[in-house]
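Colleague: The structure under discussion is supplied below as structure tokens; questions concerning it will follow.
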Amino acid sequence: MLRCKTYKKMEELLLDTALEQISPELLNKMDAYWRAANYLSVGQIYLYDNAMLREKLLLSHVKPIVVGHWGTTPGQNFIYVHLNRLIKKFDLNMFYISGPGHGGPALVANTYLEGSYSEVYPNISQDEEGMKKLFTQFSFPGGISSHVAPSTPGSIHEGGELGYSLSHAFGAVFDNPDLIVACIVGDGEAETGPLATAWHSNKFLNPITDGAVLPILHLNGYKISNPTLLARIDHEELEQFFKGCGWTPYFVEGDDPEKMHLEMALATETAITDIRSFQEHARITSDNSRPRWPMIVLRSPKGWTGPKVVDGLQNEGTFRSHQVPILVDEKHPQNVVLLENWMKSYRAEELFDEKGRLIPELADLAPKGNSRMGSNPHTNGGLLLEDLRMPDFRKFALDVPSPGSVQGQDTMVLAKFLTEVISLNKNNFRVFGPDETLSNLLGAIFQVSNRQWDAGMQDNDEFLSPSGRILDAQLSEHQCEGWLEGYLLTGRHGIFNSYEAFIRIVDSMFSQHAKWLKVTRELPWRRNIASLNYLLASHVWQQDHNGFTHQDPGFLDHVISKKADVVRVYLPPDANCLLSVFDHCLRSKHYVNVVVAGKHALPQWLNMQEAETHCTEGIGIWQWASNDQGSEPDVIMASCGDTVTLELLAAVSILREHLPELKVRVVNVVDLMKMQSSSEHPHGLSEVDYDSIFTKDKHIIFNFHGYPWLVHRISYRRANRNLHVRGYKEEGTITTPFDLRVQNEIDRFHLVIDVIDRVPNLGSKGAYLKQQLKDKLIEHKHYVNRYGKDMPEILEWKWNIKS
Ligand SMILES: Cc1ncc(C[n+]2csc(CCOP(=O)(O)OP(=O)(O)O)c2C)c(N)n1
């Protein structure tokens, strides 16, 4: 059964009534408003002074370095004024996402015209002095970015890195039934992988409990220096493409402003009426089957209303308008007059009064208060953020009577906790994932929620439903990341569960989000949002069905390069630690938390109380495993990660059995950033604390979950230079779990050999033990190659040293 319906349209009826209501007078005013926004946009890009062009324009009035993007800007200004009309007419709760966010002047100009900009930045007042400052600050040292940056009111999306607008828009409307997000998609942006896949978001939208997204494809034909694909296929092919993606496209095409205003007014009004009627139908009849949601294709010239020809080459309507159409600088002083003529074509004197204020009849076109897109509270999500209702994580604890006495599957334990988090927070918490929730052993959460899906369903499907808290049914890491970011940025909570190796697909999206958090932290009017929580399960050491392709712990290396204020990395060694860590992450604000946890049965080390203490400290000496109490250690055996901790403790047990006089200190790290100096990261240990745990000079054998140099990188300032890190060395294939560890030399035998090689004076006892272990490694190799499984002594190993 296909769940997709097209309801009877009110189109024809609408056209008649709309024509009556959209009077030529109103369209004229809208055109004037558009001219005002265009004037302010050109002014931002070029002018340093003489904002209202009261004097003849001189080179000294122009910024010494002119940077910015004009090409997309007039189209976006055009869209904005039309959305304003709709908001007023239909009393909409709407905001604007600018996919081609490099058109920053557009959103800044429009939020300035509607007044939301000056409310946030009173210094940029709505008068001539404010206009001058508005112009000067743009893309200027100490000023604002040329993009739709965090500093731009009304924005949840910078758009610097293209591709994420539509996923962000959908993330914003999940669980926001009254919200409509107008999402401007660049036709170049539409060629990116993330955007191309995001058209399918409509199969995940519940028309009853979610809001709506109105995509507006900004088909201005060009990218930086190429045409766009969607502009160079014929009309029918384009229409079929969008219909095939499940949309109803409305086309607005041309370059004559008068005609285009009317067409855009009709198209946007039809689209809103469609949205309203679909929602009304669904909500009255409880029919949540998927409608063919409307979208708009706006085919207009790139750099519309800009200079037609520059230096003998066509500019308006070509890629040449992408950035600054006219070069105006000391090498091109003759172009000042071209710029002046261009700016004067907008007739600013008709639009702004003698004080530089937008005339009242135009100002009246903008919505008021929070209805203004620059003031919509959803765009400053922290304003709407409510704390999660949290169950007591301790109640999900595994009973661990003594270290290593029981085995547990960490993510399975966590799933029970998440189940209750979902139950307690039915409309502001979601779990995202690329079809891996079951595979990451989080299946328990399906006991309390289905996966949201509004496409076809068949009898054999599992857990699919038009409503659900879990969005894991599209195999797209980009979508998960984009949806979750949009959800968080509009004031809700969530987690992203992924295979560790494939989270790298969104390395760059993570970077952009981390940058957003860093910058918003410095803006007092932006409120903190919930943290972005990654649960990286099915990690590098646990690849039974898969092999080398699924082994890449490098996301951690990438993450720690971001601003320390923003990123946190946790590697809990067992299930109770995972519970404690995750409780902390879900309560935290404005961070990116990366949690790496396994799903296979492994020994459990700490009871709940010990785990809570250990995770609160983030690093600690495990006294029950150490034998250096009352003396100096001979060696520090440290680990960070679950599998590496198992191997480390197995190594310690060999050392303590065969070299009982050796003083071994066992250290476990949960919070990786503890390794960094406190001057570099807020979680970093002070030098005194670090030295007290690791000593200043004893050998440290550090078994790390990820690539070894990461630990060296973050601890390079520490006094103790005897740090020897083992970790993933890019060795792997389909093999047994223990053999994978052996191949990368993080196994117990290599660790013990390391100790013997480094700690002096172990004499012939050490030499004999080393020989035994080398023999063991060969025995292991023969065994796995013959039997296809690990040796019984590995599988059955247990920690059996009494503390
Ligand atoms: C992912 C990504 N790749 C490349 C760029 C560099 N870039 C900036 S603007 C642009 C062209 C964008 O074209 P379009 O989305 O159609 O926007 P418009 O033409 O309206 O400016 C490119 C390639 C980028 N910002 N992001």
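Numbering starts fresh at 1 for the residues of each chain in the structure tokens, the chains themselves are lettered A, B, ... in the order given, and ligands are numbered from 1 as they appear.
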Which residues are close to A:Pro333, i.e. within 9 Å by only C-alpha atoms, leaving aside same-chain residues fewer than 4 positions away? Reply as a CSV table (one decimal) with C-alpha atoms, in the first residue's frame.

Modeller:
chain,number,residue,atom,x,y,z
A,58,LEU,CA,33.5,58.9,-4.1
A,59,LEU,CA,36.1,56.1,-4.0
A,327,LEU,CA,35.2,46.0,-9.1
A,328,VAL,CA,35.5,49.4,-7.4
A,329,ASP,CA,38.9,50.1,-6.0
A,337,VAL,CA,30.0,55.9,-11.1

Colleague: Counting only C-alpha atoms and all ligand atoms, which protein, DNA or RNA residues come within 9 Å of ligand 1, given as a PyMOL selection string?

Modeller: chain A and resi 69-73+75-76+99-103+159-164+185-192+218-228+302-303+319+321-323

Colleague: Write out as a PyMOL selection string which residues come within 6 Å of A:Lys589 when counting only C-alpha atoms, dropping same-chain ones fewer than 2 positions away.

Modeller: chain A and resi 529-531+591

Colleague: Residues of the last selection are to be written out with C-alpha atoms, as a tab-separated table (two decimals), in the first residue's frame.

Modeller:
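Saved the output as again.tsv:
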chain	number	residue	atom	x	y	z
A	529	ILE	CA	20.83	24.82	23.29
A	530	ALA	CA	20.96	21.12	24.18
A	531	SER	CA	24.19	19.31	23.36
A	591	TYR	CA	28.46	20.93	23.70

Colleague: Excluding A:Asp634 and residues on its chain fewer than 6 positions from it, collect all residues at most 7 Å away from it, counting only C-alpha atoms, and give them as a list in words.

Modeller: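 Selected residues are Leu662, Lys663, Val664 and Lys698 of chain A.
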
Colleague: As an exercise, work out the distance from atom CA of A:Glu745 to atom CA of A:Leu646 in Å and give it to one decimal place.

Modeller: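 Between atom CA of A:Glu745 and atom CA of A:Leu646 the gap works out to 13.6 Å.
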
Colleague: Just how far from atom CA of A:Asn206 is atom CA of A:Phe278, in Å to one decimal?

Modeller: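 Between atom CA of A:Phe278 and atom CA of A:Asn206 the gap is 10.8 Å.
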
Colleague: Sort by chain and increasing residue number a table of all residues of stretch 163-215 of chain A within 10 Å of stretch 369-388 of chain A, each with its closest pair of atoms and their distance in Å to one decimal, counting only C-alpha atoms, and write it as a Markdown table.

Modeller:
| residue | atom | partner | partner_atom | distance |
| --- | --- | --- | --- | --- |
| A:Ala172 | CA | A:His378 | CA | 8.0 |
| A:Val173 | CA | A:His378 | CA | 9.6 |
| A:Asn176 | CA | A:His378 | CA | 9.5 |
| A:Leu179 | CA | A:His378 | CA | 8.8 |
| A:Val181 | CA | A:Met373 | CA | 9.8 |
| A:Ala182 | CA | A:Met373 | CA | 10.0 |

Colleague: So which residues touch A:Glu661 within 10 Å, counting only C-alpha atoms, skipping near sequence neighbours fewer than 2 positions away, as a list in words?

Modeller: Asn627, Asp628, Asp634, Leu655, Arg656, Glu657, His658, Leu659, Lys663, Val664 and Leu762 of chain A

Colleague: Find the spatial neighbours of stretch 605-608 of chain A, counting only C-alpha atoms, within a cut-off of 7 Å - ignore same-chain residues fewer than 3 positions away - and output them as a ChimeraX atom specification.

Modeller: /A:394,397,399-401,403-404,574,576,611-612

Colleague: If we count only C-alpha atoms and set the cut-off at 9 Å, which residues sit around stretch 142-151 of chain A, ignoring sequence neighbours fewer than 2 positions away in its own chain? Please answer as a ChimeraX atom specification.

Modeller: /A:45,67-69,98,100-108,136-140,153-160,516-517,519-520,523,526

Colleague: Expressed in Å to a single decimal, how great is the separation between atom CA of A:Ala537 and atom CA of A:Asn744?

Modeller: 19.6 Å

Colleague: Out of stretch 149-378 of chain A, which residues get strand (DSSP E) from DSSP, as a PyMOL selection string?

Modeller: chain A and resi 179-186+212-219+248-253+290-291+294-299+309-310+313-314

Colleague: Restricting the calculation to only C-alpha atoms: of A:Asn425, A:Ser639, A:Asn460, A:Asn450, which residue gets closest to A:Arg389?

Modeller: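 Counting only C-alpha atoms, the residue closest to A:Arg389 is A:Asn425.
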
Colleague: Could you pull out all residues of stretch 148-341 of chain A with a DSSP call of helix (DSSP H, G or I) and give them as a PyMOL selection string?

Modeller: chain A and resi 165-173+189-191+193-204+230-232+235-244+257-285+319-321+333-341

Colleague: Please produce a file of the residues just selected, as a CSV table (one decimal), in the first residue's frame, where the atoms kept are C-alpha atoms.

Modeller:
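Wrote again-v4.csv, looks like this:
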chain,number,residue,atom,x,y,z
A,165,SER,CA,19.4,23.6,4.6
A,166,LEU,CA,16.6,21.2,3.9
A,167,SER,CA,17.6,18.7,6.6
A,168,HIS,CA,17.8,21.6,9.0
A,169,ALA,CA,14.4,22.8,8.0
A,170,PHE,CA,12.8,19.4,8.6
A,171,GLY,CA,14.6,19.0,11.9
A,172,ALA,CA,13.1,22.3,13.0
A,173,VAL,CA,9.5,21.3,12.2
A,189,GLU,CA,23.4,23.7,-3.3
A,190,ALA,CA,20.8,21.2,-4.7
A,191,GLU,CA,23.7,19.4,-6.4
A,193,GLY,CA,24.8,14.9,-1.8
A,194,PRO,CA,23.2,16.0,1.5
A,195,LEU,CA,20.7,18.3,-0.2
A,196,ALA,CA,19.9,15.7,-2.9
A,197,THR,CA,19.0,13.2,-0.3
A,198,ALA,CA,17.1,15.7,1.8
A,199,TRP,CA,14.2,16.0,-0.7
A,200,HIS,CA,13.1,12.6,0.8
A,201,SER,CA,12.5,14.2,4.2
A,202,ASN,CA,8.9,14.5,3.2
A,203,LYS,CA,8.5,10.7,3.7
A,204,PHE,CA,9.2,11.2,7.4
A,230,LEU,CA,18.6,21.8,-12.6
A,231,ALA,CA,18.6,25.0,-14.7
A,232,ARG,CA,19.8,23.1,-17.8
A,235,HIS,CA,10.9,22.1,-17.7
A,236,GLU,CA,9.1,18.8,-17.9
A,237,GLU,CA,12.2,16.9,-16.6
A,238,LEU,CA,12.5,19.3,-13.7
A,239,GLU,CA,8.9,19.0,-12.9
A,240,GLN,CA,9.0,15.2,-13.1
A,241,PHE,CA,12.1,15.2,-10.9
A,242,PHE,CA,10.3,16.9,-8.0
A,243,LYS,CA,7.1,15.0,-8.6
A,244,GLY,CA,9.2,11.9,-8.4
A,257,PRO,CA,9.4,42.3,-11.6
A,258,GLU,CA,5.8,43.3,-12.1
A,259,LYS,CA,4.8,39.9,-13.5
A,260,MET,CA,7.0,38.0,-11.1
A,261,HIS,CA,5.5,39.7,-8.0
A,262,LEU,CA,2.1,38.6,-9.1
A,263,GLU,CA,3.2,35.1,-9.9
A,264,MET,CA,5.1,34.7,-6.7
A,265,ALA,CA,2.2,36.0,-4.6
A,266,LEU,CA,-0.1,33.5,-6.2
A,267,ALA,CA,2.4,30.6,-6.0
A,268,THR,CA,3.2,31.2,-2.3
A,269,GLU,CA,-0.4,31.7,-1.4
A,270,THR,CA,-1.3,28.4,-3.2
A,271,ALA,CA,1.5,26.6,-1.4
A,272,ILE,CA,0.4,27.9,2.0
A,273,THR,CA,-3.2,27.0,1.3
A,274,ASP,CA,-2.1,23.5,0.3
A,275,ILE,CA,-0.1,23.1,3.5
A,276,ARG,CA,-3.0,24.4,5.6
A,277,SER,CA,-5.6,22.2,3.9
A,278,PHE,CA,-3.4,19.1,4.2
A,279,GLN,CA,-2.8,19.8,7.8
A,280,GLU,CA,-6.4,20.5,8.5
A,281,HIS,CA,-7.5,17.3,6.8
A,282,ALA,CA,-5.0,15.2,8.6
A,283,ARG,CA,-5.8,16.8,12.0
A,284,ILE,CA,-9.5,16.7,11.7
A,285,THR,CA,-9.7,13.1,10.3
A,319,PHE,CA,27.6,33.5,-13.0
A,320,ARG,CA,29.6,36.8,-13.2
A,321,SER,CA,27.2,38.3,-10.7
A,333,PRO,CA,38.2,54.2,-9.8
A,334,GLN,CA,36.2,54.7,-13.0
A,335,ASN,CA,33.6,52.1,-11.7
A,336,VAL,CA,32.5,54.3,-8.8
A,337,VAL,CA,30.0,55.9,-11.1
A,338,LEU,CA,28.6,52.5,-12.2
A,339,LEU,CA,28.1,51.6,-8.6
A,340,GLU,CA,26.4,54.9,-7.9
A,341,ASN,CA,24.1,54.5,-10.9

Colleague: Looking at only C-alpha atoms, which of A:Asp31, A:Gly306, A:Ala473, A:Val592 is the one that sits closest to A:Lys515?

Modeller: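 So, comparing all the options, the nearest one is A:Val592.
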